[in-house]
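Raw contents of target08.cif, mmCIF, C-alpha atoms:
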```cif
data_work
loop_
_atom_site.label_atom_id
_atom_site.label_comp_id
_atom_site.auth_asym_id
_atom_site.auth_seq_id
_atom_site.Cartn_x
_atom_site.Cartn_y
_atom_site.Cartn_z
CA MET Z 509 42.37 -11.74 54.45
CA PHE Z 510 38.55 -11.89 54.29
CA ASN Z 511 37.28 -12.74 50.81
CA PRO Z 512 33.43 -12.51 50.45
CA SER Z 513 33.41 -14.14 47.04
CA ARG Z 514 35.26 -17.17 48.48
CA LYS Z 515 32.68 -17.42 51.28
CA LEU Z 516 29.78 -17.40 48.77
CA VAL Z 517 31.42 -20.07 46.64
CA ASN Z 518 32.14 -22.22 49.68
CA TYR Z 519 28.51 -21.97 50.86
CA PHE Z 520 26.45 -22.23 47.69
CA LEU Z 521 28.75 -24.29 45.49
CA PRO Z 522 30.48 -26.75 47.84
CA TRP Z 523 31.08 -29.24 45.04
CA SER Z 524 32.98 -26.74 42.90
CA PRO Z 525 36.79 -27.06 42.44
CA VAL Z 526 37.29 -23.77 44.28
CA ALA Z 527 35.29 -24.93 47.28
CA ARG Z 528 37.06 -28.24 47.41
CA LYS Z 529 40.39 -26.50 47.32
CA ASN Z 530 39.29 -24.24 50.17
CA LYS Z 531 37.48 -26.74 52.38
CA GLY Z 532 38.41 -30.17 51.27
CA SER Z 533 36.05 -32.69 49.72
CA GLY Z 534 32.78 -31.17 51.03
CA ASN Z 535 30.57 -31.76 54.09
CA GLY Z 536 27.17 -33.15 55.01
CA SER Z 537 25.32 -29.91 54.38
CA GLY Z 538 26.08 -30.00 50.61
CA VAL Z 539 22.58 -31.19 49.65
CA LEU Z 540 20.94 -28.39 51.63
CA ARG Z 541 23.25 -25.88 50.05
CA PHE Z 542 22.40 -27.26 46.60
CA VAL Z 543 18.68 -26.86 47.28
CA LEU Z 544 19.20 -23.31 48.49
CA THR Z 545 21.24 -22.57 45.38
CA VAL Z 546 18.44 -23.81 43.11
CA LEU Z 547 15.87 -21.75 45.02
CA VAL Z 548 17.96 -18.61 44.79
CA LEU Z 549 18.53 -19.10 41.07
CA ALA Z 550 14.81 -19.77 40.54
CA ILE Z 551 13.85 -16.61 42.42
CA VAL Z 552 16.35 -14.57 40.43
CA MET Z 553 15.10 -16.07 37.15
CA LEU Z 554 11.43 -15.51 38.01
CA GLY Z 555 12.17 -11.97 39.03
CA THR Z 556 14.04 -11.35 35.80
CA LEU Z 557 11.21 -12.82 33.71
CA GLY Z 558 8.66 -10.76 35.61
CA PHE Z 559 10.67 -7.62 35.04
CA LEU Z 560 11.03 -8.42 31.33
CA TYR Z 561 7.28 -9.09 31.04
CA LEU Z 562 6.40 -5.76 32.65
CA TYR Z 563 8.96 -4.00 30.52
CA MET Z 564 7.72 -5.54 27.27
CA GLU Z 565 4.12 -4.85 28.22
CA ARG Z 566 5.03 -1.21 28.76
CA VAL Z 567 6.92 -1.06 25.46
CA LEU Z 568 4.00 -2.60 23.59
CA ARG Z 569 1.53 -0.29 25.32
CA GLU Z 570 3.62 2.72 24.34
CA ASN Z 571 3.74 1.43 20.74
CA VAL Z 572 -0.06 1.46 20.41
CA ARG Z 573 -2.19 4.58 20.10
CA ASP Z 574 -5.80 4.99 21.15
CA GLY Z 575 -8.28 4.14 18.40
CA PHE Z 576 -12.03 3.91 17.99
CA SER Z 577 -14.36 2.72 20.70
CA ALA Z 578 -17.93 1.64 19.97
CA SER Z 579 -19.28 5.07 20.98
CA ASP Z 580 -17.04 6.84 18.42
CA LEU Z 581 -18.35 5.01 15.38
CA ARG Z 582 -20.86 6.35 12.89
CA ALA Z 583 -22.20 4.27 10.04
CA PRO Z 584 -23.59 5.95 6.92
CA LEU Z 585 -27.33 6.46 6.61
CA ASP Z 586 -29.17 4.19 4.24
CA GLU Z 587 -30.15 5.79 0.93
CA LYS Z 588 -31.75 4.12 -2.06
CA MET Z 589 -30.36 5.33 -5.37
CA PRO Z 590 -31.17 3.05 -8.31
CA TYR Z 591 -29.11 3.04 -11.48
CA MET Z 592 -30.00 6.22 -13.41
CA THR Z 593 -30.85 6.30 -17.13
CA GLU Z 594 -31.53 9.27 -19.42
CA ASP Z 595 -34.72 9.75 -21.42
CA MET Z 596 -34.41 8.13 -24.80
CA PRO Z 597 -35.09 10.04 -28.07
CA LEU Z 598 -38.73 10.43 -29.16
CA PHE Z 599 -38.52 10.05 -32.94
CA ILE Z 600 -37.07 6.72 -34.04
CA ASN Z 601 -37.23 5.43 -37.61
CA ALA Z 602 -36.30 2.17 -39.22
CA GLY Z 603 -33.84 1.94 -42.06
CA PRO Z 604 -30.10 2.42 -42.54
CA PRO Z 605 -28.48 4.66 -39.90
CA PRO Z 606 -26.43 7.78 -40.63
CA SER Z 607 -22.66 7.46 -40.55
CA TYR Z 608 -21.28 6.59 -37.10
CA SER Z 609 -18.13 5.17 -35.53
CA CYS Z 610 -17.47 4.22 -31.92
CA ARG Z 611 -15.23 2.09 -29.72
CA VAL Z 612 -15.62 0.67 -26.23
CA SER Z 613 -12.95 0.47 -23.55
CA TRP Z 614 -12.56 -0.61 -19.95
CA PRO Z 615 -9.66 -0.75 -17.50
CA VAL Z 616 -8.19 -4.13 -16.69
CA ASN Z 617 -6.70 -5.42 -13.45
CA GLY Z 618 -4.36 -8.08 -14.84
CA SER Z 619 -0.65 -7.57 -15.37
CA ASP Z 620 -0.83 -8.92 -18.92
CA GLY Z 621 -3.47 -6.44 -20.08
CA ARG Z 622 -6.31 -8.90 -19.53
CA LEU Z 623 -9.20 -8.76 -17.15
CA ASP Z 624 -8.92 -10.99 -14.07
CA GLY Z 625 -11.82 -12.98 -12.66
CA TYR Z 626 -12.52 -15.77 -10.19
CA PRO Z 627 -14.79 -18.82 -10.25
CA GLY Z 628 -18.00 -18.12 -8.36
CA VAL Z 629 -17.14 -14.40 -8.15
CA GLY Z 630 -16.85 -13.29 -11.77
CA ALA Z 631 -15.12 -10.30 -13.32
CA ILE Z 632 -16.14 -6.64 -13.57
CA LEU Z 633 -16.21 -4.45 -16.69
CA ASN Z 634 -16.21 -0.67 -16.14
CA LEU Z 635 -17.49 0.15 -19.61
CA SER Z 636 -16.89 3.43 -21.48
CA LEU Z 637 -17.75 4.47 -25.04
CA GLU Z 638 -15.87 6.86 -27.32
CA ASN Z 639 -17.99 8.36 -30.12
CA GLN Z 640 -15.60 8.75 -33.06
CA GLY Z 641 -18.25 9.68 -35.63
CA PRO Z 642 -20.10 12.85 -36.63
CA SER Z 643 -23.51 11.91 -35.13
CA ASP Z 644 -24.92 11.80 -31.62
CA LEU Z 645 -25.37 8.32 -30.16
CA PHE Z 646 -27.79 7.03 -27.56
CA VAL Z 647 -26.77 3.69 -26.03
CA GLU Z 648 -29.89 1.73 -25.15
CA ARG Z 649 -28.37 -1.46 -23.81
CA ALA Z 650 -25.21 -3.51 -23.45
CA SER Z 651 -24.94 -7.25 -23.84
CA LEU Z 652 -22.25 -9.81 -23.24
CA ILE Z 653 -21.53 -13.31 -24.51
CA THR Z 654 -18.73 -15.57 -23.31
CA GLY Z 655 -16.71 -18.40 -24.79
CA TRP Z 656 -18.25 -20.80 -22.27
CA GLY Z 657 -21.85 -20.05 -23.23
CA GLU Z 658 -22.97 -17.37 -20.75
CA SER Z 659 -24.95 -14.36 -22.00
CA ARG Z 660 -26.27 -11.27 -20.19
CA GLU Z 661 -27.93 -7.96 -21.10
CA TRP Z 662 -28.21 -4.67 -19.20
CA THR Z 663 -29.96 -1.34 -19.67
CA VAL Z 664 -27.63 1.62 -20.31
CA GLY Z 665 -29.60 4.73 -21.37
CA LYS Z 666 -26.75 7.21 -22.01
CA TYR Z 667 -26.12 9.89 -24.69
CA VAL Z 668 -22.60 10.22 -26.14
CA GLY Z 669 -21.88 13.23 -28.36
CA PRO Z 670 -19.45 13.40 -31.31
CA GLY Z 671 -15.86 13.30 -30.05
CA GLU Z 672 -17.02 12.53 -26.52
CA ARG Z 673 -15.85 9.66 -24.36
CA ARG Z 674 -18.32 8.75 -21.65
CA TRP Z 675 -18.69 6.15 -18.95
CA LEU Z 676 -21.66 3.87 -19.58
CA ARG Z 677 -22.02 1.42 -16.70
CA HIS Z 678 -20.54 -1.60 -14.91
CA LEU Z 679 -21.07 -5.10 -16.25
CA VAL Z 680 -20.37 -8.38 -14.51
CA ILE Z 681 -18.99 -11.42 -16.30
CA PRO Z 682 -20.32 -14.53 -14.53
CA ILE Z 683 -17.74 -17.28 -14.08
CA PRO Z 684 -19.11 -20.65 -12.97
CA ASN Z 685 -17.71 -22.56 -10.02
CA PRO Z 686 -16.48 -25.15 -10.69
CA SER Z 687 -15.17 -23.94 -14.02
CA PRO Z 688 -15.91 -25.90 -17.21
CA PRO Z 689 -12.88 -28.13 -17.92
CA GLU Z 690 -12.27 -26.96 -21.51
CA ALA Z 691 -13.83 -23.50 -21.58
CA GLU Z 692 -12.58 -20.77 -23.92
CA TRP Z 693 -11.91 -17.89 -21.55
CA ASN Z 694 -12.95 -14.95 -23.69
CA TYR Z 695 -15.92 -12.58 -23.95
CA ARG Z 696 -17.51 -10.13 -26.35
CA VAL Z 697 -19.39 -6.88 -25.72
CA SER Z 698 -22.21 -5.67 -27.95
CA LEU Z 699 -24.28 -2.48 -27.80
CA GLY Z 700 -27.71 -1.51 -28.97
CA VAL Z 701 -27.51 2.14 -30.10
CA LEU Z 702 -29.58 4.89 -31.68
CA VAL Z 703 -27.88 7.19 -34.20
CA GLU Z 704 -29.15 10.74 -34.70
CA GLY Z 705 -30.01 11.85 -38.23
CA SER Z 706 -31.21 15.18 -39.60
CA SER Z 707 -34.78 14.78 -38.33
CA SER Z 708 -34.96 11.52 -36.39
CA TRP Z 709 -32.96 8.70 -34.80
CA THR Z 710 -32.26 5.28 -36.27
CA ARG Z 711 -31.85 2.13 -34.22
CA VAL Z 712 -28.86 -0.17 -34.71
CA GLU Z 713 -29.84 -3.36 -32.95
CA LYS Z 714 -26.35 -4.75 -32.45
CA VAL Z 715 -22.92 -3.15 -32.62
CA ASP Z 716 -20.34 -5.91 -32.00
CA PHE Z 717 -16.82 -5.33 -30.73
CA ASP Z 718 -13.79 -7.63 -30.75
CA TRP Z 719 -13.42 -10.69 -28.56
CA SER Z 720 -11.26 -10.12 -25.46
CA GLU Z 721 -9.28 -12.58 -23.37
CA LEU Z 722 -10.03 -13.27 -19.71
CA ASP Z 723 -7.72 -14.70 -17.06
CA VAL Z 724 -9.62 -16.94 -14.64
CA LEU Z 725 -7.54 -17.10 -11.47
CA PRO Z 726 -7.86 -20.02 -9.06
CA LEU Z 727 -9.39 -19.56 -5.65
CA GLY Z 728 -6.97 -19.53 -2.76
CA GLY Z 729 -6.13 -22.38 -0.45
CA GLU Z 730 -7.03 -22.88 3.18
CA LEU Z 731 -8.51 -19.97 5.12
CA ARG Z 732 -6.25 -18.52 7.81
CA PRO Z 733 -7.03 -16.11 10.65
CA LEU Z 734 -5.61 -12.63 10.09
CA ASN Z 735 -2.72 -11.36 12.18
CA VAL Z 736 -4.17 -7.89 12.83
CA ARG Z 737 -2.29 -5.18 14.73
CA LYS Z 738 -4.31 -2.07 15.46
CA ASN Z 739 -3.01 1.49 15.71
CA TRP Z 740 0.71 0.66 15.80
CA ARG Z 741 2.44 3.89 16.76
CA ALA Z 742 4.79 4.10 13.77
CA TYR Z 743 1.89 3.94 11.31
CA PHE Z 744 -0.60 5.93 13.38
CA ASP Z 745 1.81 8.83 13.88
CA SER Z 746 2.63 8.86 10.15
CA MET Z 747 -1.03 9.32 9.17
CA VAL Z 748 -3.43 10.70 11.75
CA PRO Z 749 -1.63 13.97 12.67
CA LYS Z 750 -1.41 14.83 8.95
CA VAL Z 751 -5.13 14.26 8.56
CA LYS Z 752 -5.91 16.37 11.61
CA ASP Z 753 -3.73 19.25 10.41
CA ASP Z 754 -5.43 19.30 6.98
CA MET Z 755 -9.06 19.16 8.08
CA ASP Z 756 -9.79 22.89 7.68
CA ASP Z 757 -8.14 23.16 4.26
CA LEU Z 758 -9.84 19.98 3.07
CA ARG Z 759 -13.21 21.34 4.22
CA GLU Z 760 -12.66 24.43 2.04
CA VAL Z 761 -11.86 22.26 -0.98
CA LEU Z 762 -15.08 20.31 -0.52
CA ASN Z 763 -17.25 23.38 0.06
CA GLY Z 764 -19.85 23.59 -2.67
CA THR Z 765 -19.94 19.82 -3.16
CA HIS Z 766 -22.39 17.49 -1.49
CA LEU Z 767 -19.40 15.64 -0.03
CA ASN Z 768 -19.23 18.31 2.67
CA GLU Z 769 -22.86 17.95 3.73
CA SER Z 770 -23.78 16.83 7.22
CA SER Z 771 -25.96 14.02 5.87
CA TYR Z 772 -23.60 11.09 5.40
CA THR Z 773 -25.12 8.24 3.37
CA ILE Z 774 -24.07 4.89 1.93
CA GLN Z 775 -24.18 6.45 -1.54
CA ASP Z 776 -21.57 9.00 -0.48
CA LEU Z 777 -19.01 6.18 -0.24
CA SER Z 778 -19.32 5.64 -3.97
CA ASP Z 779 -19.28 9.38 -4.70
CA VAL Z 780 -16.08 9.87 -2.69
CA HIS Z 781 -14.50 6.97 -4.55
CA ASP Z 782 -15.37 8.54 -7.92
CA TRP Z 783 -14.32 12.03 -6.77
CA VAL Z 784 -10.88 10.86 -5.63
CA LEU Z 785 -10.23 8.83 -8.79
CA SER Z 786 -11.22 11.79 -10.99
CA ARG Z 787 -8.60 14.04 -9.36
CA ILE Z 788 -5.67 11.82 -8.39
CA ASP Z 789 -3.42 9.83 -10.72
CA TYR Z 790 -1.51 6.88 -9.35
CA ARG Z 791 2.23 7.50 -9.09
CA SER Z 792 4.81 5.49 -7.19
CA ASP Z 793 6.92 7.33 -4.64
CA ARG Z 794 9.67 9.40 -6.23
CA ASP Z 795 13.27 8.22 -5.98
CA GLY Z 796 12.14 5.02 -4.29
CA ARG Z 797 11.32 6.80 -1.02
CA ASP Z 798 8.30 5.61 0.98
CA GLU Z 799 6.74 9.06 1.44
CA TRP Z 800 3.23 9.34 2.89
CA LEU Z 801 1.49 12.52 1.76
CA SER Z 802 -1.05 14.47 3.75
CA PRO Z 803 -4.53 14.82 2.17
CA MET Z 804 -3.82 18.34 0.87
CA GLU Z 805 -0.36 17.41 -0.43
CA CYS Z 806 -1.95 14.59 -2.41
CA LEU Z 807 -4.67 16.88 -3.82
CA ASN Z 808 -2.24 19.67 -4.67
CA ARG Z 809 0.10 17.30 -6.51
CA GLY Z 810 -2.80 15.53 -8.22
CA GLU Z 811 -1.02 12.22 -7.71
CA GLY Z 812 -0.08 9.70 -5.05
CA ASP Z 813 0.49 6.05 -4.32
CA CYS Z 814 -1.71 3.56 -2.49
CA GLU Z 815 -1.12 4.99 1.00
CA ASP Z 816 -1.84 8.52 -0.24
CA PHE Z 817 -5.09 7.42 -1.92
CA ALA Z 818 -6.20 5.58 1.22
CA ILE Z 819 -5.33 8.47 3.56
CA LEU Z 820 -7.16 10.97 1.33
CA TYR Z 821 -10.23 8.74 1.03
CA GLY Z 822 -10.34 8.13 4.79
CA SER Z 823 -9.88 11.86 5.46
CA ILE Z 824 -12.90 12.83 3.36
CA ILE Z 825 -15.06 10.18 5.03
CA THR Z 826 -13.90 11.46 8.44
CA LEU Z 827 -14.71 15.04 7.46
CA MET Z 828 -18.22 13.95 6.47
CA GLY Z 829 -18.71 12.42 9.89
CA GLY Z 830 -18.01 8.78 9.07
CA SER Z 831 -15.51 6.37 10.58
CA ALA Z 832 -12.58 5.28 8.42
CA ARG Z 833 -9.42 3.22 8.64
CA VAL Z 834 -6.31 2.68 6.57
CA ILE Z 835 -5.12 -0.92 6.32
CA VAL Z 836 -1.42 -1.44 5.59
CA THR Z 837 0.00 -4.75 4.39
CA ARG Z 838 3.57 -5.64 3.41
CA ASP Z 839 3.58 -3.61 0.19
CA HIS Z 840 0.12 -2.07 -0.12
CA ALA Z 841 -2.52 0.03 1.62
CA PHE Z 842 -6.26 0.53 1.19
CA SER Z 843 -9.25 1.96 3.05
CA ALA Z 844 -11.92 0.46 5.30
CA ILE Z 845 -15.19 2.24 6.14
CA TYR Z 846 -17.44 1.38 9.08
CA ILE Z 847 -20.89 0.24 7.86
CA GLY Z 848 -22.51 -0.95 11.10
CA GLN Z 849 -23.09 -4.32 12.67
CA ASP Z 850 -24.27 -6.11 9.54
CA GLY Z 851 -24.06 -5.81 5.77
CA SER Z 852 -27.61 -4.59 5.13
CA LEU Z 853 -26.45 -1.19 3.81
CA LEU Z 854 -24.67 -2.85 0.91
CA SER Z 855 -27.92 -3.69 -0.84
CA SER Z 856 -28.36 0.03 -1.58
CA LEU Z 857 -25.01 0.10 -3.41
CA THR Z 858 -25.98 -3.02 -5.32
CA GLY Z 859 -29.08 -1.17 -6.50
CA ARG Z 860 -27.06 1.80 -7.67
CA TYR Z 861 -24.65 -0.33 -9.69
CA ASP Z 862 -27.48 -2.57 -10.94
CA ILE Z 863 -25.26 -5.63 -10.54
CA ILE Z 864 -24.34 -8.00 -7.73
CA VAL Z 865 -21.07 -6.63 -6.35
CA PRO Z 866 -18.76 -8.99 -4.40
CA PHE Z 867 -18.15 -6.52 -1.58
CA GLN Z 868 -15.25 -7.35 0.75
CA VAL Z 869 -15.87 -6.85 4.45
CA LEU Z 870 -13.66 -7.18 7.52
CA LYS Z 871 -15.50 -7.88 10.77
CA ASP Z 872 -14.05 -7.27 14.22
CA ASP Z 873 -15.34 -6.62 17.74
CA LEU Z 874 -16.62 -3.16 16.71
CA GLY Z 875 -18.63 -4.25 13.67
CA MET Z 876 -18.24 -4.48 9.90
CA TRP Z 877 -15.81 -2.50 7.75
CA LEU Z 878 -16.19 -2.26 3.97
CA LEU Z 879 -12.81 -2.62 2.25
CA ILE Z 880 -12.22 -0.07 -0.50
CA GLU Z 881 -9.31 -0.28 -2.91
CA PRO Z 882 -8.77 3.39 -3.79
CA GLN Z 883 -6.93 2.50 -7.00
CA SER Z 884 -9.61 0.15 -8.30
CA PHE Z 885 -11.01 1.48 -11.54
CA LEU Z 886 -13.23 -1.60 -11.80
CA ILE Z 887 -15.76 -0.85 -9.07
CA MET Z 888 -15.85 0.28 -5.46
CA GLY Z 889 -15.70 -2.78 -3.24
CA TRP Z 890 -13.65 -4.97 -5.58
CA PHE Z 891 -10.72 -6.97 -4.21
CA PRO Z 892 -7.83 -4.92 -2.84
CA LEU Z 893 -4.40 -5.94 -4.04
CA GLY Z 894 -2.86 -8.72 -2.02
CA ILE Z 895 -6.21 -10.43 -1.38
CA VAL Z 896 -7.22 -13.74 -2.90
CA PRO Z 897 -10.75 -15.22 -2.82
CA VAL Z 898 -11.00 -18.48 -0.91
CA GLN Z 899 -13.72 -21.12 -0.86
CA GLY Z 900 -15.41 -21.33 2.55
CA GLU Z 901 -15.89 -19.04 5.52
CA ILE Z 902 -14.00 -18.20 8.67
CA GLY Z 903 -15.10 -16.20 11.70
CA GLY Z 904 -14.65 -12.46 11.16
CA GLN Z 905 -14.28 -12.62 7.39
CA THR Z 906 -17.15 -12.32 4.95
CA ILE Z 907 -17.55 -11.53 1.30
CA TYR Z 908 -20.91 -10.25 0.10
CA GLY Z 909 -22.43 -11.07 -3.26
CA SER Z 910 -20.64 -14.42 -3.68
CA ASP Z 911 -21.92 -17.71 -2.33
CA GLY Z 912 -19.54 -19.28 0.14
CA ILE Z 913 -16.51 -17.22 -0.94
CA SER Z 914 -14.33 -15.47 1.64
CA TRP Z 915 -10.84 -14.03 1.29
CA ASN Z 916 -7.32 -14.19 2.63
CA TYR Z 917 -4.15 -12.17 2.24
CA ILE Z 918 -1.54 -13.73 0.01
CA ASN Z 919 1.09 -13.93 2.77
CA ASP Z 920 1.10 -14.38 6.54
CA ASP Z 921 2.60 -10.99 7.41
CA PRO Z 922 0.88 -8.80 10.01
CA VAL Z 923 -1.92 -6.56 8.80
CA TYR Z 924 -1.69 -3.09 10.36
CA VAL Z 925 -5.01 -1.32 10.95
CA VAL Z 926 -4.87 2.45 11.58
CA ASP Z 927 -8.02 4.20 12.81
CA ILE Z 928 -8.41 7.75 11.49
CA TYR Z 929 -9.21 8.75 15.05
CA ILE Z 930 -9.15 12.50 15.58
CA GLN Z 931 -9.95 13.63 19.11
#
```
Produce structure tokens that represent the structure in this file.
Amino acid sequence: MFNPSRKLVNYFLPWSPVARKNKGSGNGSGVLRFVLTVLVLAIVMLGTLGFLYLYMERVLRENVRDGFSASDLRAPLDEKMPYMTEDMPLFINAGPPPSYSCRVSWPVNGSDGRLDGYPGVGAILNLSLENQGPSDLFVERASLITGWGESREWTVGKYVGPGERRWLRHLVIPIPNPSPPEAEWNYRVSLGVLVEGSSSWTRVEKVDFDWSELDVLPLGGELRPLNVRKNWRAYFDSMVPKVKDDMDDLREVLNGTHLNESSYTIQDLSDVHDWVLSRIDYRSDRDGRDEWLSPMECLNRGEGDCEDFAILYGSIITLMGGSARVIVTRDHAFSAIYIGQDGSLLSSLTGRYDIIVPFQVLKDDLGMWLLIEPQSFLIMGWFPLGIVPVQGEIGGQTIYGSDGISWNYINDDPVYVVDIYIQ
């Protein structure tokens, strides 16, 4: 009986036990048959690898959505807005002030209730004052001394009424690099205030508050290139359609505010940051579920987690005509806003804050993107969670306001970049 499988074995594998059983110990054409066997197997293998390559390329292509091109991008307009003070009182007398009581406060970014800072970068105080006394106060200036001998002073120029708690300004604590070997890492805030009396104001040159502890964190190790994956379908489809669906409702919410104006400026980035923080409280996802809210869901609840903050922030920037991204790491998310081909716009924000801000920037083939941690109550542009400052520079990564300091992510996981790209 004809057996095709036996014929194939006899021809291609003459040295096999089956072939020997069928045809004896082999023949002179065995070498040729061996060569042909290798060629056939190589062709089959190459064909299989080619098919797998084309298949994987198709799978990867289908897993990536279209994002921004250079022609889609719009950077904010430059706008100078210096730090604003209020007119000080006219009638000021010497002598003992009327009764007053006040306390300062600022949010911290350390897990132990302390403020975190870095050598060569510093730390940021977002200073507020609560007037606990019966008299109006006018804060003229704020000053700072540190346990390692640094001292600074800033203009404030803000009124705070009885029972009122008001934001004053941002302060920067300079931390030298390298750090002093035996420094006492603490600092003290003092204010110069005027207290209102029955017919005039009295100056109190120095109101001291308690010493506070500071954690000086080490700079990171060696700089590493980022493993960036743009517009991965799973993330893109979880964000961008929600933003698109909420655009009309979000526009109605912003009607009557300058955040809905057609003129989109660098100062609007700071205003959006303040507007979002004033309306949304941070809350982790309920019941441990990783739920990503649409912009309107986040606003209606008045709360959200890091992804919700970042999506809302990017949505407002998009509505104003800017170009925004959400960056997702292993366990965090934050925003990135397109600011053009260089960092020149950032000088206008530095003027508004009246301090040198260590802005974090990610640079790619499209230009520069300002990183914004939506949960940062310290200052817009401060380090997002999961980032560590690193000494040195690497192509595509820059940090503004700090000499020779760049940044890395804490781990080597992929960084997913999602363009808020609405066609």
**Message:** Rounded to one decimal, what separation in Å do you get between atom CA of Lys738 of chain Z and atom CA of Tyr846 of chain Z?
**Reply:** 15.0 Å
**Prompt:** Do you know which residues the PyMOL selection byres ((chain Z and resi 580) around 10) returns on this file, as a list in words?
**Reply:**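 Checked against the file, the PyMOL selection byres ((chain Z and resi 580) around 10) matches Gly575, Phe576, Ser577, Ala578, Ser579, Leu581, Arg582, Gly830, Ser831, Tyr929 and Gln931 of chain Z.
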**Message:** Which residues would end up in the selection if the PyMOL selection byres ((chain Z and resi 651) around 8) were applied here, given that I need the answer as a PyMOL selection string?
**Reply:** chain Z and resi 649-650+652-653+659-662+697-699
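Separating atom CA of Ala631 of chain Z from atom CA of Ile683 of chain Z is a distance of 7.5 Å.
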**Prompt:** Expressed in Å to a single decimal, how great is the separation between atom CA of Met755 of chain Z and atom CA of Thr826 of chain Z?
**Reply:** 9.1 Å
**Asked** For Lys666 of chain Z, which residue among Z:Gly630, Z:Met592, Z:Ala602, Z:Ser720 is the nearest when counting only C-alpha atoms?
**Response**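 Result for the nearest residue to Lys666 of chain Z: Z:Met592.
Selection result for the displayed file, with the PyMOL selection byres ((chain Z and resi 823) around 8) as criterion, is Val751, Met755, Pro803, Ile819, Leu820, Tyr821, Gly822, Ile824, Ile825, Thr826, Leu827, Ala832 and Ile928 of chain Z.
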**Prompt:** So which one's closest to Glu638 of chain Z, Z:Ser856, Z:Ser609, Z:Asn617, Z:Asn916? Using all atoms listed in the file, please.
**Reply:** Z:Ser609
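The shortest atom-to-atom distance to Arg677 of chain Z, with all atoms listed in the file taken into account, belongs to Z:Glu648 out of Z:Glu648, Z:Asp927, Z:Asp779, Z:Glu658.
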**Request:** Would you please work out which residue, of Z:Ile632, Z:Ala742, Z:Val543, Z:Met876, is nearest to Phe891 of chain Z when using all atoms listed in the file?
**Result:**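 Under the stated criterion, the closest residue is Z:Ile632.
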**Prompt:** Leu702 of chain Z: which residues within 8 Å, counting only C-alpha atoms, same-chain residues fewer than 4 positions away excluded, as a list in words?
**Reply:**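 Here the answer would be Leu645, Phe646, Val647, Glu648, Trp709, Thr710, Arg711 and Val712 of chain Z.
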